[in-house]
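Source file run17.cif; content: mmCIF, C-alpha atoms.
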```
data_model
#
loop_
_atom_site.label_atom_id
_atom_site.label_comp_id
_atom_site.auth_asym_id
_atom_site.auth_seq_id
_atom_site.Cartn_x
_atom_site.Cartn_y
_atom_site.Cartn_z
CA MET A 1 -17.05 18.29 21.66
CA THR A 2 -19.63 17.97 18.90
CA ASP A 3 -22.19 15.25 18.52
CA GLU A 4 -20.43 14.07 15.36
CA HIS A 5 -17.94 11.34 16.09
CA THR A 6 -15.59 10.18 13.43
CA GLY A 7 -12.78 7.75 13.54
CA THR A 8 -11.93 4.13 13.02
CA ILE A 9 -11.54 1.83 16.00
CA LEU A 10 -10.16 -1.69 16.16
CA VAL A 11 -11.62 -3.79 18.97
CA VAL A 12 -9.40 -6.75 19.90
CA ASP A 13 -10.82 -9.35 22.29
CA ASP A 14 -11.03 -13.14 22.32
CA SER A 15 -14.60 -12.91 23.61
CA PRO A 16 -17.17 -12.48 20.82
CA ALA A 17 -19.64 -11.09 23.39
CA ASN A 18 -17.21 -8.30 24.33
CA ILE A 19 -16.54 -7.52 20.67
CA THR A 20 -20.28 -7.31 19.97
CA LEU A 21 -20.96 -5.12 22.99
CA LEU A 22 -18.15 -2.66 22.22
CA SER A 23 -18.82 -2.67 18.47
CA ASP A 24 -22.51 -1.90 18.94
CA MET A 25 -21.79 0.84 21.46
CA LEU A 26 -19.13 2.51 19.28
CA THR A 27 -21.08 2.12 16.03
CA GLN A 28 -24.12 3.79 17.60
CA ARG A 29 -21.80 6.65 18.56
CA GLY A 30 -20.84 7.06 14.89
CA TYR A 31 -17.48 5.32 14.82
CA LYS A 32 -16.38 2.83 12.19
CA VAL A 33 -15.45 -0.38 14.01
CA TYR A 34 -13.32 -3.35 13.01
CA SER A 35 -12.68 -6.36 15.20
CA ALA A 36 -10.10 -9.06 15.77
CA GLU A 37 -10.29 -12.09 18.04
CA ASP A 38 -6.56 -12.58 18.65
CA GLY A 39 -3.26 -10.73 18.58
CA PHE A 40 -2.09 -12.00 15.20
CA MET A 41 -5.38 -11.04 13.56
CA ALA A 42 -5.14 -7.63 15.24
CA LEU A 43 -1.69 -6.94 13.79
CA ARG A 44 -2.90 -7.93 10.30
CA MET A 45 -6.04 -5.83 10.71
CA VAL A 46 -4.09 -2.74 11.77
CA LYS A 47 -2.28 -2.80 8.41
CA THR A 48 -5.48 -2.98 6.38
CA ALA A 49 -7.93 -0.96 8.50
CA GLN A 50 -5.44 1.69 9.67
CA PRO A 51 -7.44 2.45 12.83
CA ASP A 52 -7.29 5.73 14.73
CA LEU A 53 -7.55 3.85 18.04
CA VAL A 54 -7.17 0.27 19.30
CA LEU A 55 -9.19 -1.16 22.20
CA LEU A 56 -7.10 -4.13 23.26
CA ASP A 57 -7.73 -6.99 25.65
CA ILE A 58 -4.64 -8.32 27.42
CA VAL A 59 -5.55 -11.92 28.23
CA MET A 60 -5.78 -13.69 24.88
CA PRO A 61 -4.46 -17.03 23.62
CA THR A 62 -1.28 -17.25 21.54
CA MET A 63 -0.30 -13.56 21.71
CA ASP A 64 -1.36 -11.41 24.63
CA GLY A 65 -2.29 -7.74 24.43
CA PHE A 66 1.01 -6.62 25.95
CA LYS A 67 2.88 -8.20 23.04
CA VAL A 68 0.46 -6.71 20.50
CA CYS A 69 0.97 -3.26 22.01
CA GLN A 70 4.73 -3.75 21.95
CA TYR A 71 4.62 -4.56 18.22
CA LEU A 72 2.34 -1.60 17.49
CA LYS A 73 4.57 0.85 19.37
CA ALA A 74 7.67 -0.51 17.60
CA GLY A 75 6.21 0.03 14.12
CA VAL A 76 6.90 3.29 12.30
CA ASP A 77 3.39 3.32 10.79
CA THR A 78 1.61 2.21 13.96
CA ARG A 79 3.44 3.74 16.92
CA ASP A 80 1.21 6.82 17.06
CA ILE A 81 -2.06 4.87 17.21
CA PRO A 82 -3.47 5.23 20.73
CA VAL A 83 -3.90 1.87 22.47
CA VAL A 84 -6.42 1.43 25.28
CA PHE A 85 -6.15 -1.75 27.28
CA MET A 86 -9.55 -3.16 28.26
CA THR A 87 -8.99 -6.05 30.59
CA SER A 88 -9.98 -7.82 33.76
CA LEU A 89 -6.39 -7.47 35.03
CA ALA A 90 -6.69 -4.83 37.75
CA ASP A 91 -3.30 -5.22 39.44
CA THR A 92 -1.18 -2.07 39.57
CA ARG A 93 1.80 -3.94 38.09
CA ASP A 94 -0.24 -4.81 35.00
CA LYS A 95 -1.42 -1.22 34.61
CA VAL A 96 2.11 0.15 34.97
CA ARG A 97 3.40 -2.43 32.47
CA GLY A 98 0.71 -1.37 30.00
CA PHE A 99 1.58 2.31 30.31
CA ARG A 100 5.31 1.58 30.01
CA LEU A 101 4.61 -0.27 26.78
CA GLY A 102 2.96 2.88 25.44
CA ALA A 103 -0.74 2.48 26.20
CA ALA A 104 -2.73 5.71 26.20
CA ASP A 105 -5.23 4.38 28.74
CA TYR A 106 -6.21 1.34 30.78
CA ILE A 107 -9.81 0.36 31.53
CA THR A 108 -10.69 -2.56 33.76
CA LYS A 109 -13.60 -4.88 33.11
CA PRO A 110 -16.43 -4.78 33.85
CA PHE A 111 -16.57 -1.32 32.33
CA GLN A 112 -19.21 1.40 32.17
CA SER A 113 -20.27 2.35 28.63
CA GLU A 114 -20.31 6.08 29.40
CA GLU A 115 -16.74 5.93 30.69
CA VAL A 116 -15.48 4.02 27.66
CA LEU A 117 -17.18 6.44 25.28
CA ALA A 118 -15.81 9.48 27.12
CA ARG A 119 -12.27 8.09 27.02
CA VAL A 120 -12.55 7.08 23.37
CA ASP A 121 -13.94 10.51 22.42
CA THR A 122 -11.13 12.28 24.24
CA LEU A 123 -8.34 10.10 22.88
CA LEU A 124 -9.62 10.37 19.32
CA ALA A 125 -9.93 14.15 19.63
CA LEU A 126 -6.34 14.33 20.89
CA HIS A 127 -5.18 11.97 18.12
CA THR A 128 -6.86 14.15 15.49
CA LEU A 129 -5.31 17.32 16.92
CA ARG A 130 -1.89 15.68 16.98
CA LYS A 131 -2.19 14.68 13.33
CA ARG A 132 -3.23 18.23 12.41
CA LEU A 133 -0.27 19.66 14.31
CA GLU A 134 2.08 17.29 12.49
CA VAL A 135 0.71 18.47 9.13
CA GLN A 136 0.99 22.12 10.15
CA ASN A 137 4.50 21.55 11.45
CA ALA A 138 5.53 19.95 8.17
CA GLU A 139 4.08 22.95 6.30
CA LEU A 140 6.01 25.35 8.55
CA VAL A 141 9.24 23.45 7.99
CA ARG A 142 8.68 23.55 4.23
CA SER A 143 7.89 27.29 4.34
CA ASN A 144 10.93 27.91 6.50
CA ARG A 145 13.15 26.13 3.95
CA GLU A 146 11.66 28.19 1.13
CA LEU A 147 12.29 31.41 3.04
CA ALA A 148 15.86 30.36 3.82
CA ASP A 149 16.44 29.64 0.11
CA LEU A 150 14.97 33.03 -0.86
CA ASN A 151 17.05 34.76 1.80
CA GLU A 152 20.18 33.09 0.46
CA ALA A 153 19.31 34.12 -3.09
CA LEU A 154 18.66 37.71 -2.00
CA GLY A 155 21.96 37.74 -0.10
CA GLY A 156 23.71 36.68 -3.30
CA GLN A 157 21.96 39.42 -5.27
CA ILE A 158 22.86 42.04 -2.66
CA ALA A 159 26.50 40.95 -2.73
CA GLN A 160 26.50 41.11 -6.52
CA HIS A 161 24.86 44.56 -6.44
CA ARG A 162 27.53 45.84 -3.99
CA LYS A 163 30.30 44.56 -6.25
CA MET A 164 28.74 46.43 -9.15
CA GLU A 165 28.47 49.62 -7.08
CA LEU A 166 32.11 49.38 -6.09
CA ALA A 167 33.11 48.81 -9.70
CA LEU A 168 31.29 51.97 -10.72
#
```

Can I see the file as structure tokens?
Amino acid sequence: MTDEHTGTILVVDDSPANITLLSDMLTQRGYKVYSAEDGFMALRMVKTAQPDLVLLDIVMPTMDGFKVCQYLKAGVDTRDIPVVFMTSLADTRDKVRGFRLGAADYITKPFQSEEVLARVDTLLALHTLRKRLEVQNAELVRSNRELADLNEALGGQIAQHRKMELAL
């Protein structure tokens, strides 16, 4: 991986101290960072910021992180955004629930900065590769359609040419 890090990350946590810590760490790494202090704000922010990754706390007032993840994974425009839960909930049931809802990763607090950065780097690299593959796949599908149309046209010309040969 190169030293250049690009991508937009949304940090969602009801603790301003956690938001500041993560934002500073990710900004120093070269990422563009947005933040939200609750689930509703996070869902609004996703629409405007269009992040490449969401770091999401679970335990928040009003709407917990599980519900936010569920909404993100249900949305056509947001389902492919990797979600990383960052929470103090360390029980296996919570982790399994998070993964079943579609989380890409689960980090328990307190966390190590190096670990968070390594996971973020990897998930963003995978997300970028996936987007590139989707673009390339769409181009291949388009090219395949064009070739099928040309093949059909050539088949028609060959049939017409054979008719003319038989007529002669």

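Comparing the minimum interatomic distances between Val116 of chain A and each of A:Met86, A:Leu72, A:Ala159, A:Ala138, counting all atoms listed in the file, we find that A:Met86 sits nearest.
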
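For the file at hand, the PyMOL selection byres ((chain A and resi 62) around 8) resolves to Asp38, Gly39, Met60, Pro61, Met63 and Asp64 of chain A.
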
I would like the residues chosen by the PyMOL selection byres ((chain A and resi 66-70) around 10) on the shown file; could you give them as number ranges by chain?
A: 12, 38-40, 42-43, 54, 56-60, 63-65, 71-75, 78-79, 81-85, 94, 97-103

Calculated over all atoms listed in the file, which of the candidates A:Asn151, A:Thr122, A:Gln157, A:Ser88 has the smallest distance to Lys109 of chain A?
A:Ser88

Find the axis-aligned box for segment 23-36 of chain A, covering all its listed atoms and adding 8 Å on each side, and write its centre and edge lengths in Å to one decimal as JSON.
```
{"center_x": -17.1, "center_y": -1.0, "center_z": 16.8, "size_x": 30.0, "size_y": 32.1, "size_z": 25.3}
```

For the provided coordinates, the residues matched by the PyMOL selection byres ((chain A and resi 113) around 12) should be stated as a VMD selection string.
chain A and resid 18 21 to 26 28 to 29 107 to 112 114 to 120

Atom CA of Leu55 of chain A to atom CA of Lys95 of chain A, straight-line distance in Å:
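Interatomic distance here is 14.6 Å.
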
Atom pair atom CA of Ile9 of chain A / atom CA of Met45 of chain A: separation (Å):
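Interatomic distance here is 10.8 Å.
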
Between A:Leu10, A:Leu129, A:Ala167, A:Leu147, which one has atoms that come closest to Arg44 of chain A, using all atoms listed in the file?
A:Leu10
